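Trainee: The structure's right below; bear with me while I get my questions together.
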There are 2 protein chains.
Amino acid sequence: MTSTVPPEARGACPPPAQGVDLRPVEGAEADEELASLAKAVGHPLRVQILRILAARTSCVCGDLVDELPVAQSTVSQHLKVLKEAGLIRGEVDGPRVCYCLEPRGLRRFKALVGGL
Amino acid sequence: MTSTVPPEARGACPPPAQGVDLRPVEGAEADEELASLAKAVGHPLRVQILRILAARTSCVCGDLVDELPVAQSTVSQHLKVLKEAGLIRGEVDGPRVCYCLEPRGLRRFKALVGGL
DNA sequence: TTTTGCCATCGTGGATGGACGATAAAGCAC
DNA sequence: GTGCTTTATCGTCCATCCACGATGGCAAAA
């Protein structure tokens, strides 16, 4: 097969990755984790990207570049940061890449911030 | 008078600064604000400082330097970052400075993160 | 196979961050 | 006043961040 995704499913997010996170919200390891996540969120453009992805029920691909006032390579860099932090995920769909929120990472971030 | 604070009140936090925050949790301004707060939290040492301050019912002063594995000037720099972000406050008490959490800023941060 | 379009990566330059030691400033004790 | 203690600030060095244009890789279309 040439494509694993039927055309009408373009932009669909992968399974929500359910499950309760049992890791602690404090301690040295949690400190590092919170700092790492917060650092990833600590840029206006990345916050904006998270907002855009949250506003779509399905995920968008490179339309982000059209909505943001920076070059394509810059957007790609910020997406990489968010992906490495575990806040978004990218699914390759043919020539495009489909980004969407990673609910697990976002929930973890909220839990850690809530633990402050 | 030589001191405005009676000895038994050393380390007491200023009034909690109550009041509901009516500012929006999204929009361009909120994005900037969230990014700014997250950036301030985006360092392990600063997370640790917030945790130490949260663990004290009253606030500590320069004991932070004893509890942290970095030089005094480095601690001071991080405290400045947190203060400028509005996450902590410092009260001058004689030759010492008494730091404690700024509940208003912390609540704002949690609200913004919750809005993601 | 060649072309086209999308995206990641490279390389660069300027700005910022984070660490330190040294120094300055301010308040208290004497 | 002198000295002592505590904290902020300065100056420096190195690392990382952030923006950009240019390049390269890859999958679908022609």
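Naming scheme: A, B, ... for chains in displayed order of the structure tokens; residues 1 onward per chain; ligands 1 onward as shown.
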For chain D, list the residues within 12 Å of chain A, counting only C-alpha atoms (C1' of nucleotides), and write the list as a list in words.
Mentor: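 Residues satisfying the distance criterion: DC17, DC18, DA19, DC20, DG21, DA22, DT23, DG25, DC26, DA27, DA28 and DA29 of chain D.
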Trainee: Taking only stretch 13-104 of chain A into account, list the residues labelled strand (DSSP E or B) by DSSP (computed from the backbone), as number ranges by chain.
Mentor: A: 60, 88-93, 96-101
Trainee: What residues in chain A have any atom no more than 9 Å from chain B when counting only C-alpha atoms, and can you write them as a short mmCIF file (atom, residue, chain, number, x, y, z; two decimals) with N, CA and C atoms, in the first residue's frame?
Mentor:
```
data_model
loop_
_atom_site.label_atom_id
_atom_site.label_comp_id
_atom_site.auth_asym_id
_atom_site.auth_seq_id
_atom_site.Cartn_x
_atom_site.Cartn_y
_atom_site.Cartn_z
N GLU A 26 6.42 16.00 42.67
CA GLU A 26 7.51 16.73 43.28
C GLU A 26 8.71 15.83 43.52
N GLY A 27 9.79 16.43 43.90
CA GLY A 27 11.05 15.72 43.98
C GLY A 27 11.98 16.20 42.89
N ALA A 28 13.23 15.79 43.00
CA ALA A 28 14.25 16.31 42.07
C ALA A 28 13.90 16.01 40.63
N ASP A 31 11.13 18.18 39.42
CA ASP A 31 11.62 19.54 39.22
C ASP A 31 12.23 19.68 37.83
N GLU A 32 13.05 18.71 37.48
CA GLU A 32 13.68 18.75 36.16
C GLU A 32 12.64 18.68 35.06
N GLU A 33 11.68 17.82 35.28
CA GLU A 33 10.65 17.63 34.26
C GLU A 33 9.81 18.90 34.09
N LEU A 34 9.41 19.48 35.20
CA LEU A 34 8.63 20.72 35.13
C LEU A 34 9.42 21.82 34.46
N ALA A 35 10.69 21.95 34.84
CA ALA A 35 11.52 22.98 34.23
C ALA A 35 11.62 22.77 32.73
N SER A 36 11.77 21.53 32.33
CA SER A 36 11.91 21.22 30.91
C SER A 36 10.64 21.56 30.13
N LEU A 37 9.51 21.19 30.68
CA LEU A 37 8.24 21.50 30.03
C LEU A 37 7.99 23.00 30.00
N ALA A 38 8.25 23.65 31.12
CA ALA A 38 8.01 25.09 31.19
C ALA A 38 8.91 25.84 30.22
N LYS A 39 10.13 25.35 30.09
CA LYS A 39 11.05 25.99 29.16
C LYS A 39 10.51 25.90 27.73
N ALA A 40 9.94 24.76 27.41
CA ALA A 40 9.39 24.58 26.07
C ALA A 40 8.22 25.52 25.83
N VAL A 41 7.45 25.78 26.85
CA VAL A 41 6.29 26.68 26.73
C VAL A 41 6.73 28.14 26.81
N GLY A 42 7.97 28.36 27.25
CA GLY A 42 8.43 29.71 27.52
C GLY A 42 8.80 30.54 26.32
N HIS A 43 8.03 30.46 25.28
CA HIS A 43 8.24 31.32 24.12
C HIS A 43 6.88 31.62 23.49
N PRO A 44 6.61 32.91 23.22
CA PRO A 44 5.27 33.28 22.74
C PRO A 44 4.83 32.50 21.50
N LEU A 45 5.74 32.29 20.60
CA LEU A 45 5.38 31.59 19.37
C LEU A 45 4.96 30.15 19.66
N ARG A 46 5.61 29.54 20.62
CA ARG A 46 5.27 28.15 20.95
C ARG A 46 3.93 28.08 21.67
N VAL A 47 3.65 29.08 22.49
CA VAL A 47 2.32 29.14 23.11
C VAL A 47 1.26 29.26 22.02
N GLN A 48 1.55 30.12 21.06
CA GLN A 48 0.61 30.32 19.96
C GLN A 48 0.39 29.04 19.17
N LEU A 50 0.67 26.00 20.32
CA LEU A 50 -0.16 25.12 21.14
C LEU A 50 -1.62 25.54 21.06
N ARG A 51 -1.87 26.82 21.06
CA ARG A 51 -3.25 27.31 20.97
C ARG A 51 -3.88 26.95 19.65
N ALA A 54 -4.70 23.39 19.60
CA ALA A 54 -5.82 23.07 20.50
C ALA A 54 -7.15 23.48 19.89
N LEU A 106 0.62 17.27 27.88
CA LEU A 106 -0.05 18.47 28.36
C LEU A 106 -0.65 18.24 29.74
N PHE A 109 2.08 18.31 32.27
CA PHE A 109 2.50 19.68 32.54
C PHE A 109 1.52 20.35 33.51
N LYS A 110 0.24 20.18 33.26
CA LYS A 110 -0.75 20.80 34.13
C LYS A 110 -0.68 20.22 35.54
N VAL A 113 2.41 21.75 37.26
CA VAL A 113 2.16 23.14 37.63
C VAL A 113 1.17 23.20 38.79
N GLY A 114 0.17 22.35 38.74
CA GLY A 114 -0.80 22.31 39.83
C GLY A 114 -0.17 21.91 41.15
N LEU A 116 2.53 22.95 42.33
CA LEU A 116 3.38 24.01 42.90
C LEU A 116 2.71 24.66 44.11
#
```
Trainee: For the atom pair atom CA of A:Glu84 and atom C1' of C:DA15, what is the interatomic distance in Å to one decimal place?
Mentor: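 Going from atom CA of A:Glu84 over to atom C1' of C:DA15 covers 23.5 Å.
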Trainee: C:DA24: which residues within 9 Å, counting only C-alpha atoms (C1' of nucleotides), same-chain residues fewer than 2 positions away excluded, as a PyMOL selection string?
Mentor: chain D and resi 8-10
Trainee: Write to file, as a PDB file, in the first residue's frame, the residues of the selection just made, with N, CA and C atoms (P, O5', C5', C4', C3', O3' and C1' of nucleotides).
Mentor:
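The file below, out-v1.pdb, is the result:
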```pdb
ATOM      1  P    DA D   8      18.908  40.135  47.177  1.00  0.00           P
ATOM      2  O5'  DA D   8      19.657  41.273  46.353  1.00  0.00           O
ATOM      3  C5'  DA D   8      19.549  42.616  46.781  1.00  0.00           C
ATOM      4  C4'  DA D   8      20.422  43.535  45.936  1.00  0.00           C
ATOM      5  C3'  DA D   8      20.294  43.333  44.433  1.00  0.00           C
ATOM      6  O3'  DA D   8      20.247  44.609  43.802  1.00  0.00           O
ATOM      7  C1'  DA D   8      22.546  43.012  45.090  1.00  0.00           C
ATOM      8  P    DT D   9      19.958  44.679  42.242  1.00  0.00           P
ATOM      9  O5'  DT D   9      21.418  44.910  41.625  1.00  0.00           O
ATOM     10  C5'  DT D   9      22.226  45.950  42.156  1.00  0.00           C
ATOM     11  C4'  DT D   9      23.648  45.838  41.612  1.00  0.00           C
ATOM     12  C3'  DT D   9      23.742  45.623  40.095  1.00  0.00           C
ATOM     13  O3'  DT D   9      24.545  46.649  39.549  1.00  0.00           O
ATOM     14  C1'  DT D   9      25.163  44.147  41.249  1.00  0.00           C
ATOM     15  P    DC D  10      24.655  46.829  37.973  1.00  0.00           P
ATOM     16  O5'  DC D  10      26.195  46.501  37.712  1.00  0.00           O
ATOM     17  C5'  DC D  10      27.170  46.996  38.636  1.00  0.00           C
ATOM     18  C4'  DC D  10      28.531  46.374  38.338  1.00  0.00           C
ATOM     19  C3'  DC D  10      28.805  46.145  36.852  1.00  0.00           C
ATOM     20  O3'  DC D  10      30.073  46.683  36.503  1.00  0.00           O
ATOM     21  C1'  DC D  10      29.154  44.138  38.094  1.00  0.00           C
TER      22       DC D  10
END
```
Trainee: At a cut-off of 10 Å, can you tabulate as a Markdown table every residue of chain C near chain B together with its closest atom pair and the distance in Å to one decimal, using only C-alpha atoms (C1' of nucleotides) and ordering rows by chain then number?
Mentor:
```
| residue | atom | partner | partner_atom | distance |
| --- | --- | --- | --- | --- |
| C:DG18 | C1' | B:Thr74 | CA | 8.1 |
| C:DA19 | C1' | B:Thr74 | CA | 6.9 |
| C:DC20 | C1' | B:Ala71 | CA | 7.4 |
| C:DG21 | C1' | B:Ser73 | CA | 9.2 |
| C:DA26 | C1' | B:Pro95 | CA | 6.9 |
| C:DG27 | C1' | B:Pro95 | CA | 4.8 |
| C:DC28 | C1' | B:Pro95 | CA | 7.2 |
```
Trainee: Would you mind exporting N, CA and C atoms (P, O5', C5', C4', C3', O3' and C1' of nucleotides) of the selected residues as a PDB file, in the first residue's frame?
Mentor:
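Wrote part23.pdb, looks like this:
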```pdb
ATOM      1  P    DG C  18      18.561  31.045  32.437  1.00  0.00           P
ATOM      2  O5'  DG C  18      20.037  30.708  32.878  1.00  0.00           O
ATOM      3  C5'  DG C  18      20.666  29.556  32.334  1.00  0.00           C
ATOM      4  C4'  DG C  18      22.044  29.401  32.932  1.00  0.00           C
ATOM      5  C3'  DG C  18      22.105  29.578  34.457  1.00  0.00           C
ATOM      6  O3'  DG C  18      22.932  28.572  35.015  1.00  0.00           O
ATOM      7  C1'  DG C  18      23.623  31.023  33.419  1.00  0.00           C
ATOM      8  P    DA C  19      22.781  28.255  36.569  1.00  0.00           P
ATOM      9  O5'  DA C  19      24.245  28.585  37.079  1.00  0.00           O
ATOM     10  C5'  DA C  19      25.292  27.673  36.807  1.00  0.00           C
ATOM     11  C4'  DA C  19      26.627  28.375  36.758  1.00  0.00           C
ATOM     12  C3'  DA C  19      27.059  29.033  38.062  1.00  0.00           C
ATOM     13  O3'  DA C  19      27.750  28.089  38.874  1.00  0.00           O
ATOM     14  C1'  DA C  19      27.597  30.373  36.136  1.00  0.00           C
ATOM     15  P    DC C  20      28.018  28.416  40.385  1.00  0.00           P
ATOM     16  O5'  DC C  20      29.269  29.409  40.316  1.00  0.00           O
ATOM     17  C5'  DC C  20      30.473  28.960  39.714  1.00  0.00           C
ATOM     18  C4'  DC C  20      31.394  30.132  39.492  1.00  0.00           C
ATOM     19  C3'  DC C  20      31.702  30.928  40.747  1.00  0.00           C
ATOM     20  O3'  DC C  20      32.874  30.421  41.349  1.00  0.00           O
ATOM     21  C1'  DC C  20      31.294  32.356  38.829  1.00  0.00           C
ATOM     22  P    DG C  21      33.209  30.913  42.835  1.00  0.00           P
ATOM     23  O5'  DG C  21      34.001  32.271  42.568  1.00  0.00           O
ATOM     24  C5'  DG C  21      35.135  32.271  41.714  1.00  0.00           C
ATOM     25  C4'  DG C  21      35.645  33.688  41.549  1.00  0.00           C
ATOM     26  C3'  DG C  21      36.018  34.403  42.851  1.00  0.00           C
ATOM     27  O3'  DG C  21      37.195  35.190  42.663  1.00  0.00           O
ATOM     28  C1'  DG C  21      34.315  35.607  41.737  1.00  0.00           C
ATOM     29  P    DA C  26      22.807  52.199  49.446  1.00  0.00           P
ATOM     30  O5'  DA C  26      22.061  51.471  50.655  1.00  0.00           O
ATOM     31  C5'  DA C  26      21.460  50.197  50.436  1.00  0.00           C
ATOM     32  C4'  DA C  26      21.330  49.462  51.749  1.00  0.00           C
ATOM     33  C3'  DA C  26      21.141  50.378  52.960  1.00  0.00           C
ATOM     34  O3'  DA C  26      20.039  49.938  53.707  1.00  0.00           O
ATOM     35  C1'  DA C  26      22.870  48.816  53.361  1.00  0.00           C
ATOM     36  P    DG C  27      19.421  50.930  54.833  1.00  0.00           P
ATOM     37  O5'  DG C  27      19.441  50.019  56.143  1.00  0.00           O
ATOM     38  C5'  DG C  27      18.914  48.705  56.063  1.00  0.00           C
ATOM     39  C4'  DG C  27      19.524  47.845  57.148  1.00  0.00           C
ATOM     40  C3'  DG C  27      19.444  48.449  58.554  1.00  0.00           C
ATOM     41  O3'  DG C  27      18.934  47.480  59.448  1.00  0.00           O
ATOM     42  C1'  DG C  27      21.669  47.802  58.063  1.00  0.00           C
ATOM     43  P    DC C  28      18.316  47.952  60.829  1.00  0.00           P
ATOM     44  O5'  DC C  28      19.354  47.335  61.867  1.00  0.00           O
ATOM     45  C5'  DC C  28      19.413  45.922  61.982  1.00  0.00           C
ATOM     46  C4'  DC C  28      20.720  45.497  62.618  1.00  0.00           C
ATOM     47  C3'  DC C  28      20.920  45.989  64.058  1.00  0.00           C
ATOM     48  O3'  DC C  28      21.014  44.851  64.912  1.00  0.00           O
ATOM     49  C1'  DC C  28      22.882  46.332  62.727  1.00  0.00           C
TER      50       DC C  28
END
```
Trainee: Identify, on the basis of only C-alpha atoms (C1' of nucleotides), every residue whose closest approach to B:Gly62 does not exceed 10 Å; exclude the query and any residue fewer than 6 positions from it along the same chain; express the result as a list in words.
Mentor: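 Counting only C-alpha atoms (C1' of nucleotides), the residues come to Gln72, Val75, Ser76, Arg96, Val97, Cys98 and Tyr99 of chain B; DT6 and DT7 of chain D.
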Trainee: Selected residues, C-alpha atoms (C1' of nucleotides), written as a PDB file, in the first residue's frame, please.
Mentor:
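Dumped to selection_11.pdb:
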```
ATOM      1  CA  GLN B  72      25.213  33.232  46.394  1.00  0.00           C
ATOM      2  CA  VAL B  75      20.838  32.396  43.754  1.00  0.00           C
ATOM      3  CA  SER B  76      20.346  36.135  43.781  1.00  0.00           C
ATOM      4  CA  ARG B  96      18.208  40.475  55.287  1.00  0.00           C
ATOM      5  CA  VAL B  97      15.633  40.074  52.570  1.00  0.00           C
ATOM      6  CA  CYS B  98      12.701  37.836  53.185  1.00  0.00           C
ATOM      7  CA  TYR B  99      11.382  36.018  50.146  1.00  0.00           C
TER       8      TYR B  99
ATOM      9  C1'  DT D   6      23.745  39.943  54.266  1.00  0.00           C
ATOM     10  C1'  DT D   7      22.350  40.769  49.707  1.00  0.00           C
TER      11       DT D   7
END
```
Trainee: So that I can check the secondary structure, give me every residue of stretch 37-87 of chain A assigned helix (DSSP H, G or I) by backbone DSSP, as a ChimeraX atom specification.
Mentor: /A:37-41,44-55,63-67,72-84
Trainee: Tell me, in Å to one decimal, how far atom C1' of D:DG3 is from atom C1' of C:DA25.
Mentor: 15.1 Å
Trainee: Quick one: distance from atom CA of B:Leu79 to atom CA of B:Asp21 in Å, one decimal?
Mentor: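 Between these atoms lies a distance of 24.1 Å.
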Trainee: Would you please work out which residue, of A:Val25, A:Val20, A:Leu68, A:Ile49, is nearest to A:Val81 when using only C-alpha atoms?
Mentor: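 Distance minimum relative to A:Val81 lands on A:Ile49.
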